[in-house]
$ cat entry17.txt   # compact mmCIF, C-alpha atoms
# COMPACT_ATOMS: atom_id res chain seq x y z
CA MET A 158 4.49 23.48 6.24
CA ALA A 159 7.09 21.62 8.26
CA LYS A 160 9.45 19.43 6.30
CA PRO A 161 8.86 15.67 6.46
CA ASP A 162 11.05 13.64 8.76
CA LEU A 163 13.47 12.35 6.12
CA SER A 164 16.76 12.65 7.94
CA ARG A 165 16.29 12.23 11.69
CA ASN A 166 17.98 9.13 13.15
CA LEU A 167 19.42 8.17 9.77
CA SER A 168 22.15 6.15 11.41
CA GLN A 169 19.75 4.26 13.61
CA HIS A 170 17.45 1.35 12.84
CA PRO A 171 13.81 2.39 13.34
CA GLU A 172 13.31 -0.08 16.16
CA ALA A 173 16.26 1.20 18.14
CA GLY A 174 14.79 4.52 19.11
CA ASP A 175 11.08 4.01 19.51
CA ALA A 176 10.38 0.56 20.99
CA ARG A 177 8.83 -0.74 17.78
CA LEU A 178 9.00 -4.39 16.89
CA LEU A 179 10.98 -6.11 14.15
CA SER A 180 7.78 -7.84 13.07
CA LEU A 181 6.27 -4.44 12.19
CA ASP A 182 8.85 -3.69 9.52
CA ALA A 183 9.03 -7.29 8.27
CA PHE A 184 5.26 -7.58 7.88
CA ARG A 185 5.12 -4.16 6.23
CA GLY A 186 7.88 -5.27 3.88
CA MET A 187 5.97 -8.39 2.89
CA ILE A 188 2.93 -6.23 2.13
CA ILE A 189 4.95 -3.87 -0.09
CA ALA A 190 6.58 -6.79 -1.91
CA GLY A 191 3.15 -8.36 -2.41
CA MET A 192 1.73 -5.09 -3.67
CA ILE A 193 4.48 -4.83 -6.30
CA LEU A 194 4.09 -8.49 -7.26
CA VAL A 195 0.36 -8.32 -7.97
CA THR A 196 0.47 -5.00 -9.84
CA ASP A 197 3.24 -6.05 -12.26
CA PRO A 198 2.41 -9.37 -13.93
CA GLY A 199 3.92 -10.01 -17.34
CA THR A 200 0.42 -10.21 -18.74
CA TYR A 201 -2.97 -9.94 -17.08
CA SER A 202 -4.27 -12.64 -19.40
CA ALA A 203 -2.27 -15.27 -17.49
CA VAL A 204 -2.26 -14.72 -13.75
CA TYR A 205 -2.80 -17.10 -10.85
CA PRO A 206 -6.28 -16.35 -9.43
CA GLN A 207 -4.99 -15.52 -5.94
CA LEU A 208 -2.68 -12.89 -7.44
CA MET A 209 -5.62 -10.90 -8.79
CA HIS A 210 -8.37 -8.97 -7.03
CA ALA A 211 -11.78 -10.59 -6.91
CA GLN A 212 -13.85 -9.48 -9.88
CA TRP A 213 -16.53 -8.14 -7.55
CA ASN A 214 -17.82 -10.12 -4.56
CA GLY A 215 -15.50 -12.51 -2.80
CA ALA A 216 -11.90 -12.21 -1.62
CA THR A 217 -8.47 -13.33 -2.76
CA ALA A 218 -5.02 -13.16 -1.21
CA THR A 219 -4.42 -9.98 -3.23
CA ASP A 220 -7.44 -8.36 -1.61
CA MET A 221 -5.78 -8.80 1.78
CA ILE A 222 -2.73 -6.66 0.97
CA PHE A 223 -4.01 -3.14 1.52
CA PRO A 224 -6.14 -3.92 4.61
CA SER A 225 -3.05 -5.52 6.14
CA PHE A 226 -1.12 -2.31 5.52
CA LEU A 227 -3.80 -0.32 7.33
CA VAL A 228 -3.70 -2.70 10.29
CA ILE A 229 0.06 -2.36 10.53
CA ILE A 230 -0.25 1.44 10.49
CA GLY A 231 -2.65 1.18 13.43
CA VAL A 232 -0.25 -1.04 15.35
CA ALA A 233 2.69 1.27 14.67
CA MET A 234 0.74 4.38 15.72
CA THR A 235 0.47 3.25 19.31
CA PHE A 236 4.23 2.70 19.62
CA SER A 237 5.10 5.88 17.71
CA PHE A 238 2.92 8.13 19.87
CA ALA A 239 4.19 6.53 23.07
CA SER A 240 7.77 7.09 21.92
CA ARG A 241 7.13 10.75 21.09
CA ILE A 242 5.52 11.34 24.45
CA GLU A 243 8.43 9.66 26.24
CA ARG A 244 10.80 12.01 24.36
CA GLY A 245 8.86 15.00 25.69
CA ALA A 246 6.53 15.83 22.80
CA ASP A 247 3.23 17.40 23.83
CA ARG A 248 -0.17 16.91 22.21
CA ARG A 249 0.19 19.99 20.01
CA GLN A 250 3.50 18.79 18.58
CA ILE A 251 2.10 15.35 17.87
CA LEU A 252 -0.97 16.81 16.15
CA TRP A 253 1.24 18.99 13.98
CA HIS A 254 3.31 15.94 13.03
CA VAL A 255 0.14 14.02 12.17
CA LEU A 256 -1.21 16.88 10.07
CA THR A 257 1.99 17.46 8.10
CA ARG A 258 2.47 13.76 7.51
CA SER A 259 -1.10 13.36 6.28
CA VAL A 260 -0.81 16.33 3.92
CA LEU A 261 2.48 15.00 2.55
CA LEU A 262 0.96 11.56 1.93
CA ILE A 263 -1.92 13.13 0.00
CA PHE A 264 0.56 15.18 -2.02
CA LEU A 265 2.65 12.09 -2.81
CA GLY A 266 -0.50 10.21 -3.77
CA LEU A 267 -1.46 12.91 -6.27
CA LEU A 268 2.11 12.93 -7.64
CA VAL A 269 1.93 9.18 -8.21
CA ASN A 270 -1.56 9.36 -9.73
CA GLY A 271 -0.67 12.15 -12.15
CA PHE A 272 2.75 10.91 -13.26
CA PRO A 273 3.99 11.78 -15.84
CA GLU A 274 1.45 14.07 -17.57
CA TYR A 275 -0.19 15.74 -14.54
CA ASN A 276 -3.36 16.61 -16.44
CA LEU A 277 -5.43 18.43 -13.82
CA HIS A 278 -8.62 17.77 -15.78
CA THR A 279 -8.31 14.00 -15.53
CA ILE A 280 -5.97 13.27 -12.59
CA ARG A 281 -7.30 10.65 -10.22
CA ILE A 282 -7.98 12.31 -6.86
CA PRO A 283 -8.59 9.30 -4.59
CA GLY A 284 -5.81 6.76 -4.21
CA ILE A 285 -3.91 4.42 -1.93
CA LEU A 286 -1.71 7.04 -0.27
CA GLN A 287 -4.67 9.41 0.03
CA ARG A 288 -6.67 6.75 1.85
CA ILE A 289 -3.73 6.01 4.13
CA ALA A 290 -3.49 9.73 4.93
CA LEU A 291 -7.19 10.09 5.79
CA CYS A 292 -7.26 6.95 7.92
CA TYR A 293 -4.02 7.86 9.68
CA PHE A 294 -5.24 11.39 10.38
CA ALA A 295 -8.66 10.37 11.70
CA GLY A 296 -7.26 7.42 13.66
CA SER A 297 -4.60 9.63 15.24
CA LEU A 298 -7.15 12.24 16.30
CA LEU A 299 -9.28 9.56 17.90
CA TYR A 300 -6.34 7.94 19.68
CA LEU A 301 -5.08 11.24 21.04
CA ALA A 302 -8.59 12.27 22.08
CA VAL A 303 -9.01 9.19 24.26
CA SER A 304 -5.48 9.36 25.68
CA GLY A 305 -4.39 11.53 28.54
CA LYS A 306 -1.85 14.31 28.33
CA LYS A 307 0.76 11.75 29.23
CA ASP A 308 0.88 8.25 27.83
CA ALA A 309 -0.81 6.38 30.65
CA ASN A 310 -0.29 2.69 30.05
CA THR A 311 -2.11 1.47 33.15
CA GLU A 312 -4.68 -1.28 32.84
CA SER A 313 -7.57 1.10 33.52
CA GLN A 314 -6.37 3.61 30.91
CA ARG A 315 -5.88 0.89 28.32
CA LEU A 316 -9.33 -0.48 29.04
CA ARG A 317 -10.88 2.96 28.64
CA ARG A 318 -9.02 3.63 25.39
CA GLY A 319 -9.84 0.21 24.04
CA THR A 320 -13.52 0.50 24.90
CA VAL A 321 -13.91 3.87 23.18
CA ILE A 322 -11.89 2.85 20.12
CA GLY A 323 -13.78 -0.43 19.87
CA ALA A 324 -17.11 1.40 20.07
CA VAL A 325 -16.07 3.84 17.33
CA LEU A 326 -14.82 0.95 15.20
CA ALA A 327 -18.13 -0.89 15.53
CA GLY A 328 -20.05 2.33 14.90
CA LEU A 329 -18.18 2.96 11.65
CA LEU A 330 -18.93 -0.54 10.38
CA VAL A 331 -22.60 -0.34 11.34
CA LEU A 332 -22.96 3.14 9.83
CA TYR A 333 -21.43 2.07 6.53
CA TRP A 334 -23.57 -1.08 6.47
CA VAL A 335 -26.70 1.02 6.98
CA LEU A 336 -25.66 3.42 4.22
CA LEU A 337 -24.96 0.59 1.77
CA LYS A 338 -28.27 -1.09 2.50
CA GLY A 339 -30.56 1.79 3.34
CA TYR A 340 -29.51 5.03 1.66
CA PRO A 341 -31.86 5.84 -1.25
CA VAL A 342 -29.44 6.54 -4.10
CA PRO A 343 -31.15 8.87 -6.61
CA GLY A 344 -32.11 6.93 -9.71
CA PHE A 345 -31.20 3.57 -8.18
CA GLY A 346 -32.93 3.23 -4.81
CA SER A 347 -31.46 1.62 -1.71
CA GLY A 348 -29.53 -1.58 -1.26
CA ARG A 349 -27.75 -1.65 -4.64
CA LEU A 350 -24.32 -3.27 -4.26
CA ASP A 351 -23.25 -3.28 -7.90
CA SER A 352 -20.52 -1.08 -9.39
CA LEU A 353 -22.99 1.52 -10.64
CA GLY A 354 -25.78 1.92 -8.08
CA ASN A 355 -24.05 1.54 -4.70
CA VAL A 356 -24.04 4.58 -2.43
CA ALA A 357 -20.23 4.82 -2.20
CA ALA A 358 -19.87 5.01 -5.98
CA TYR A 359 -22.71 7.53 -6.18
CA PHE A 360 -21.07 9.89 -3.69
CA ASP A 361 -17.66 9.60 -5.36
CA ARG A 362 -19.16 10.51 -8.73
CA LYS A 363 -20.91 13.49 -7.18
CA ILE A 364 -17.91 14.71 -5.18
CA PHE A 365 -15.03 14.10 -7.59
CA GLY A 366 -16.65 13.63 -11.00
CA VAL A 367 -16.01 10.50 -13.06
CA GLN A 368 -13.00 12.10 -14.77
CA HIS A 369 -11.16 12.10 -11.44
CA LEU A 370 -11.91 8.49 -10.45
CA TRP A 371 -9.91 5.29 -11.04
CA ALA A 372 -9.68 4.70 -14.80
CA TYR A 373 -10.36 0.98 -14.33
CA GLY A 374 -13.42 1.41 -12.10
CA LEU A 375 -15.67 0.46 -14.99
CA THR A 376 -19.25 -0.69 -15.35
CA PRO A 377 -19.98 -2.25 -18.78
CA GLY A 378 -21.98 0.19 -20.86
CA TYR A 379 -21.44 3.12 -18.47
CA GLY A 380 -17.66 3.71 -18.41
CA VAL A 381 -16.00 4.78 -15.16
CA THR A 382 -18.45 4.62 -12.26
CA PHE A 383 -16.53 3.92 -9.03
CA ASP A 384 -13.20 4.18 -7.24
CA PRO A 385 -11.99 1.44 -4.84
CA GLU A 386 -10.29 4.09 -2.67
CA GLY A 387 -13.22 6.49 -2.69
CA LEU A 388 -14.31 8.83 0.07
CA LEU A 389 -17.28 7.10 1.69
CA SER A 390 -15.62 3.69 1.73
CA THR A 391 -12.84 5.26 3.80
CA LEU A 392 -15.16 4.75 6.80
CA PRO A 393 -14.66 0.95 6.93
CA ALA A 394 -11.00 1.45 5.98
CA LEU A 395 -10.63 3.55 9.12
CA ALA A 396 -12.24 0.72 11.08
CA THR A 397 -9.59 -1.62 9.66
CA LEU A 398 -6.85 0.70 10.90
CA LEU A 399 -8.50 0.75 14.33
CA PHE A 400 -8.22 -3.04 14.50
CA GLY A 401 -4.48 -2.39 14.33
CA VAL A 402 -4.67 0.27 17.05
CA LEU A 403 -6.38 -2.19 19.37
CA ALA A 404 -3.72 -4.79 18.53
CA GLY A 405 -1.01 -2.24 19.30
CA GLU A 406 -2.61 -1.44 22.65
CA TRP A 407 -2.54 -5.14 23.49
CA LEU A 408 1.10 -5.47 22.46
CA ARG A 409 2.06 -2.61 24.79
CA THR A 410 0.77 -4.47 27.85
CA ASN A 411 3.05 -6.34 30.21
CA GLN A 412 1.70 -9.74 29.18
CA ALA A 413 4.12 -12.45 28.09
CA ARG A 414 4.99 -12.22 24.40
CA GLY A 415 3.79 -15.73 23.70
CA ARG A 416 0.40 -14.87 25.18
CA LYS A 417 0.28 -11.69 23.12
CA ALA A 418 0.82 -13.67 19.91
CA LEU A 419 -1.83 -16.20 20.90
CA VAL A 420 -4.46 -13.55 21.65
CA LEU A 421 -3.75 -11.78 18.36
CA ALA A 422 -4.18 -15.06 16.51
CA VAL A 423 -7.42 -15.90 18.33
CA ALA A 424 -8.77 -12.42 17.61
CA GLY A 425 -7.84 -12.86 13.96
CA VAL A 426 -9.65 -16.18 13.70
CA ALA A 427 -12.71 -14.72 15.44
CA LEU A 428 -12.88 -11.79 13.00
CA VAL A 429 -12.49 -14.07 10.00
CA LEU A 430 -15.34 -16.26 11.23
CA VAL A 431 -17.57 -13.26 11.99
CA GLY A 432 -16.91 -11.79 8.54
CA LEU A 433 -17.76 -15.08 6.87
CA ALA A 434 -20.85 -15.61 9.03
CA LEU A 435 -22.21 -12.16 8.12
CA SER A 436 -21.32 -12.37 4.43
CA PRO A 437 -24.71 -13.85 3.39
CA LEU A 438 -26.26 -10.61 4.68
CA LEU A 439 -23.61 -8.31 3.15
CA PRO A 440 -21.14 -9.92 0.74
CA LEU A 441 -17.40 -9.63 1.06
CA ASN A 442 -16.36 -6.96 -1.43
CA LYS A 443 -13.05 -5.14 -1.51
CA LYS A 444 -13.92 -2.68 -4.25
CA ILE A 445 -16.63 -1.02 -2.17
CA LEU A 446 -15.06 -2.26 1.08
CA THR A 447 -18.18 -3.69 2.65
CA SER A 448 -18.27 -3.89 6.44
CA THR A 449 -18.03 -7.69 6.28
CA PHE A 450 -14.92 -7.41 4.13
CA ALA A 451 -13.37 -4.99 6.64
CA ILE A 452 -14.00 -7.49 9.44
CA PHE A 453 -12.78 -10.49 7.45
CA SER A 454 -9.65 -8.79 6.07
CA GLY A 455 -8.85 -7.28 9.47
CA GLY A 456 -8.92 -10.79 10.89
CA VAL A 457 -6.63 -12.13 8.18
CA ALA A 458 -4.21 -9.26 8.81
CA LEU A 459 -4.13 -9.93 12.55
CA LEU A 460 -3.51 -13.62 11.90
CA LEU A 461 -0.62 -12.86 9.58
CA PHE A 462 0.86 -10.31 11.93
CA ALA A 463 0.52 -12.72 14.87
CA GLY A 464 2.62 -15.18 12.86
CA PHE A 465 5.30 -12.57 12.15
CA TYR A 466 5.30 -11.47 15.78
CA PHE A 467 5.63 -15.04 17.02
CA VAL A 468 8.47 -15.91 14.66
CA LEU A 469 10.47 -12.68 14.88
CA ASP A 470 9.77 -11.26 18.33
CA VAL A 471 8.84 -14.31 20.40
CA LYS A 472 11.06 -17.04 18.94
CA ARG A 473 13.51 -14.50 17.49
CA TRP A 474 14.09 -16.46 14.30
CA ARG A 475 15.66 -13.88 11.98
CA ARG A 476 17.18 -15.85 9.09
CA GLY A 477 16.06 -14.61 5.66
CA VAL A 478 14.18 -11.58 6.97
CA MET A 479 16.50 -8.93 5.51
CA PRO A 480 14.72 -8.48 2.12
CA LEU A 481 11.47 -7.79 3.94
CA LEU A 482 13.17 -5.22 6.15
CA VAL A 483 14.58 -3.48 3.08
CA PHE A 484 11.06 -2.84 1.85
CA GLY A 485 9.51 -2.41 5.28
CA THR A 486 11.87 0.26 6.58
CA ASN A 487 11.35 2.43 3.49
CA ALA A 488 7.81 1.39 2.64
CA ILE A 489 6.41 4.63 1.21
CA PHE A 490 9.56 5.26 -0.81
CA ALA A 491 9.42 1.71 -2.19
CA PHE A 492 5.76 2.14 -3.11
CA VAL A 493 6.40 5.43 -4.93
CA VAL A 494 9.42 4.01 -6.79
CA SER A 495 7.50 0.91 -7.87
CA SER A 496 4.58 3.03 -9.08
CA ILE A 497 6.91 5.19 -11.18
CA ILE A 498 8.63 2.12 -12.67
CA THR A 499 5.29 0.54 -13.55
CA THR A 500 4.07 3.73 -15.22
CA LEU A 501 7.28 4.20 -17.20
CA LEU A 502 7.20 0.62 -18.47
CA ASP A 503 3.66 1.27 -19.67
CA ARG A 504 4.56 4.56 -21.39
CA TRP A 505 7.87 3.58 -22.99
CA HIS A 506 7.45 1.65 -26.27
CA LEU A 507 9.82 -0.77 -28.01
CA ALA A 508 9.66 -2.59 -31.34
CA LEU A 509 9.19 -6.33 -31.64
CA GLY A 510 10.92 -8.30 -34.37
CA ASP A 511 8.16 -7.54 -36.88
CA GLY A 512 8.41 -3.82 -36.17
CA THR A 513 5.28 -3.68 -34.02
CA LEU A 514 5.56 -1.13 -31.23
CA VAL A 515 4.49 -2.45 -27.83
CA LYS A 516 4.77 -1.23 -24.27
CA ALA A 517 8.15 -1.81 -22.67
CA HIS A 518 6.78 -4.24 -20.11
CA GLN A 519 5.13 -6.25 -22.92
CA TRP A 520 8.43 -6.29 -24.83
CA LEU A 521 10.39 -7.43 -21.78
CA TYR A 522 7.81 -10.10 -21.03
CA ALA A 523 7.75 -11.35 -24.62
CA LYS A 524 11.54 -11.36 -25.08
CA GLY A 525 12.66 -12.45 -21.66
CA PHE A 526 10.02 -14.82 -20.36
CA ALA A 527 7.23 -15.85 -22.76
CA THR A 528 9.55 -17.54 -25.25
CA TRP A 529 10.62 -20.31 -22.89
CA MET A 530 7.98 -20.59 -20.17
CA GLN A 531 4.27 -21.31 -20.02
CA PRO A 532 2.32 -18.02 -19.97
CA ILE A 533 1.13 -18.23 -16.37
CA HIS A 534 4.62 -19.09 -15.11
CA ALA A 535 6.24 -16.48 -17.35
CA SER A 536 3.84 -13.83 -16.10
CA LEU A 537 4.69 -14.62 -12.48
CA ALA A 538 8.43 -14.77 -13.20
CA TYR A 539 8.29 -11.31 -14.75
CA ALA A 540 6.52 -9.96 -11.65
CA VAL A 541 9.12 -11.54 -9.37
CA VAL A 542 11.91 -9.89 -11.36
CA ILE A 543 10.19 -6.51 -11.02
CA VAL A 544 10.04 -7.06 -7.24
CA LEU A 545 13.78 -7.83 -7.25
CA VAL A 546 14.52 -4.72 -9.32
CA ASN A 547 12.68 -2.59 -6.79
CA LEU A 548 14.52 -4.37 -3.98
CA ALA A 549 17.85 -3.55 -5.62
CA ILE A 550 16.88 0.14 -5.87
CA VAL A 551 15.84 0.42 -2.22
CA TYR A 552 18.60 -1.79 -0.77
CA PRO A 553 21.39 0.87 -0.81
CA LEU A 554 19.32 3.01 1.53
CA TYR A 555 18.91 0.10 3.94
CA ARG A 556 22.60 -0.76 3.74
CA LYS A 557 23.55 2.82 4.61
CA ARG A 558 20.95 2.88 7.42
CA ILE A 559 18.98 5.63 5.68
CA PHE A 560 15.27 5.40 6.40
CA LEU A 561 13.09 7.90 4.56
CA ARG A 562 10.29 8.33 7.04
CA VAL A 563 7.40 10.42 5.72
$ encode --input "entry17.txt" --output "structure tokens"
Amino acid sequence: MAKPDLSRNLSQHPEAGDARLLSLDAFRGMIIAGMILVTDPGTYSAVYPQLMHAQWNGATATDMIFPSFLVIIGVAMTFSFASRIERGADRRQILWHVLTRSVLLIFLGLLVNGFPEYNLHTIRIPGILQRIALCYFAGSLLYLAVSGKKDANTESQRLRRGTVIGAVLAGLLVLYWVLLKGYPVPGFGSGRLDSLGNVAAYFDRKIFGVQHLWAYGLTPGYGVTFDPEGLLSTLPALATLLFGVLAGEWLRTNQARGRKALVLAVAGVALVLVGLALSPLLPLNKKILTSTFAIFSGGVALLLFAGFYFVLDVKRWRRGVMPLLVFGTNAIFAFVVSSIITTLLDRWHLALGDGTLVKAHQWLYAKGFATWMQPIHASLAYAVVIVLVNLAIVYPLYRKRIFLRV
């Protein structure tokens, strides 16, 4: 297997060599910072509602984090492939890059899931990085299939690519909707959208076995029954990434930047409204990633990105953006580091004043925050400090212009 691209252009900012936009890295950085923030509260018993996932149906700000990451990957793909083609890469070389990158992401995902025991009998097989890998791989194959041997950026070529990608996107959402509503799950029938009887959970249990699913994917009385990053629900996740591909195609046109931002924002609003309008027929649900949730969250992501694009690339207001770039230019590395820190703080135990052994993160929360702040504020303050710790770890790479690009 070819080695990952961890050293090429180390002295160069990512935007300098491949026509990418500052808003890409800044938005990605906000997503990574948000991901760390919501996964590391001082205590889950005192968390602001928007900093937690919806219990089942519905959507919170936290639920928008991962779909936004997928959208940004789709946007970046269009610029990355164009840059490689301009540098002389042929289709075979690009496919090999896509394959090796996808395999490496899956490998990293398994490393994160298994850390530190690596018990092969119970390791979680699905995961965030695994889903990114599958969506990136499938989305790349589709994009390359509908592109010519050379990156033709004419209006007719863009229209053809956009039409095909849009049709596939819609087809994925319709197919998943039909499966959720119509597939007769053995023992449960069709149309079940609960954590036990839905078709996505059923297939994940059959394919992976419950011992290899998310340990917190619980149904009361049944134990582990589902995984939010399962295999079948990757179909609408791929559709979410394709929203980003279409956005990237639009950004690569010769339209004025202000118009580009406006169209992205209008598209985002339209998707949000469509998702909400269809939600009485199929509820918004992140854990099984219903088609309506994919539409709604894709719209939110486009709205947010339109704002970043307008501020950073249209108006060119750059003050205060550096912390986001620190995370955004080394996003996968930051995610892996934060996952390791979170796991270690859960596995390392310290003694309280009465001799009681507690997890390190509980000790730090109790000693450093809970004694002088209200629980909900203390819990948030702890999470903010964890974000800053991760920022401090990643910052030296940014300062030295080292960008670990998987």
$ residues_around --input "entry17.txt" --residues "A:Ile533" --least-positions-apart "2" --cutoff "10 Å" --atoms "all atoms listed in the file" --output "PyMOL selection string"
chain A and resi 198-205+527+530-531+535-538
$ residues_around --input "entry17.txt" --residues "stretch 316-322 of chain A" --least-positions-apart "4" --cutoff "9 Å" --atoms "all atoms listed in the file" --output "compact mmCIF listing (two decimals) with C-alpha atoms, in the coordinates of the input"
# COMPACT_ATOMS: atom_id res chain seq x y z
CA LEU A 299 -9.28 9.56 17.90
CA TYR A 300 -6.34 7.94 19.68
CA VAL A 303 -9.01 9.19 24.26
CA SER A 304 -5.48 9.36 25.68
CA THR A 311 -2.11 1.47 33.15
CA GLU A 312 -4.68 -1.28 32.84
CA LEU A 326 -14.82 0.95 15.20
CA ALA A 327 -18.13 -0.89 15.53
CA LEU A 399 -8.50 0.75 14.33
CA PHE A 400 -8.22 -3.04 14.50
CA VAL A 402 -4.67 0.27 17.05
CA LEU A 403 -6.38 -2.19 19.37
CA GLU A 406 -2.61 -1.44 22.65
$ closest_residue --input "entry17.txt" --among "A:Leu337, A:Leu370, A:Ala295, A:Ala540" --to "A:Leu438" --atoms "only C-alpha atoms"
A:Leu337
$ closest_residue --input "entry17.txt" --among "A:Leu252, A:Val381, A:Leu446, A:Ile282" --to "A:Phe365" --atoms "only C-alpha atoms"
A:Ile282
$ residues_around --input "entry17.txt" --residues "stretch 358-361 of chain A" --least-positions-apart "4" --cutoff "10 Å" --atoms "all atoms listed in the file" --output "PyMOL selection string"
chain A and resi 283+342-343+345+350-354+365-367+369-370+374+381-390+444-445
$ closest_residue --input "entry17.txt" --among "A:Ala523, A:Val494, A:Met187, A:Met221" --to "A:Leu441" --atoms "all atoms listed in the file"
A:Met221
$ closest_residue --input "entry17.txt" --among "A:Gly186, A:Val468, A:Leu509, A:Ile285" --to "A:Leu548" --atoms "only C-alpha atoms"
A:Gly186
$ residues_around --input "entry17.txt" --residues "A:Ala458" --least-positions-apart "6" --cutoff "8 Å" --atoms "all atoms listed in the file" --output "list in words"
Met221, Pro224, Ser225, Val228 and Gly425 of chain A
$ write_last_selection --input "entry17.txt" --atoms "C-alpha atoms" --output "PDB file, keeping the file's coordinate frame"
ATOM      1  CA  MET A 221      -5.780  -8.800   1.780  1.00  0.00           C
ATOM      2  CA  PRO A 224      -6.140  -3.920   4.610  1.00  0.00           C
ATOM      3  CA  SER A 225      -3.050  -5.520   6.140  1.00  0.00           C
ATOM      4  CA  VAL A 228      -3.700  -2.700  10.290  1.00  0.00           C
ATOM      5  CA  GLY A 425      -7.840 -12.860  13.960  1.00  0.00           C
TER       6      GLY A 425
END
$ atom_distance --input "entry17.txt" --atom1 "atom CA of A:Arg414" --atom2 "atom CA of A:Ala233"
16.8 Å
$ atom_distance --input "entry17.txt" --atom1 "atom CA of A:Pro393" --atom2 "atom CA of A:Leu330"
5.7 Å
$ atom_distance --input "entry17.txt" --atom1 "atom CA of A:Ala216" --atom2 "atom CA of A:Ile188"
16.4 Å
$ closest_residue --input "entry17.txt" --among "A:Met479, A:Leu301, A:Leu375, A:Leu332" --to "A:Tyr555" --atoms "all atoms listed in the file"
A:Met479
$ residues_around --input "entry17.txt" --residues "A:Trp334" --least-positions-apart "2" --cutoff "10 Å" --atoms "only C-alpha atoms" --output "mmCIF file with C-alpha atoms, in the coordinates of the input"
data_model
loop_
_atom_site.group_PDB
_atom_site.id
_atom_site.type_symbol
_atom_site.label_atom_id
_atom_site.label_comp_id
_atom_site.auth_asym_id
_atom_site.auth_seq_id
_atom_site.Cartn_x
_atom_site.Cartn_y
_atom_site.Cartn_z
ATOM 1 C CA GLY A 328 -20.050 2.330 14.900
ATOM 2 C CA LEU A 329 -18.180 2.960 11.650
ATOM 3 C CA LEU A 330 -18.930 -0.540 10.380
ATOM 4 C CA VAL A 331 -22.600 -0.340 11.340
ATOM 5 C CA LEU A 332 -22.960 3.140 9.830
ATOM 6 C CA LEU A 336 -25.660 3.420 4.220
ATOM 7 C CA LEU A 337 -24.960 0.590 1.770
ATOM 8 C CA LYS A 338 -28.270 -1.090 2.500
ATOM 9 C CA GLY A 339 -30.560 1.790 3.340
ATOM 10 C CA TYR A 340 -29.510 5.030 1.660
ATOM 11 C CA GLY A 348 -29.530 -1.580 -1.260
ATOM 12 C CA PRO A 393 -14.660 0.950 6.930
ATOM 13 C CA LEU A 439 -23.610 -8.310 3.150
ATOM 14 C CA THR A 447 -18.180 -3.690 2.650
ATOM 15 C CA SER A 448 -18.270 -3.890 6.440
ATOM 16 C CA THR A 449 -18.030 -7.690 6.280
#
$ closest_residue --input "entry17.txt" --among "A:Ile452, A:Tyr522, A:Leu298, A:Arg288" --to "A:His534" --atoms "only C-alpha atoms"
A:Tyr522
$ residues_near_point --input "entry17.txt" --point "(0.0, -12.2, 22.0)" --cutoff "12 Å" --atoms "all atoms listed in the file" --output "ChimeraX atom specification"
/A:404-425,459-460,462-468,470-471
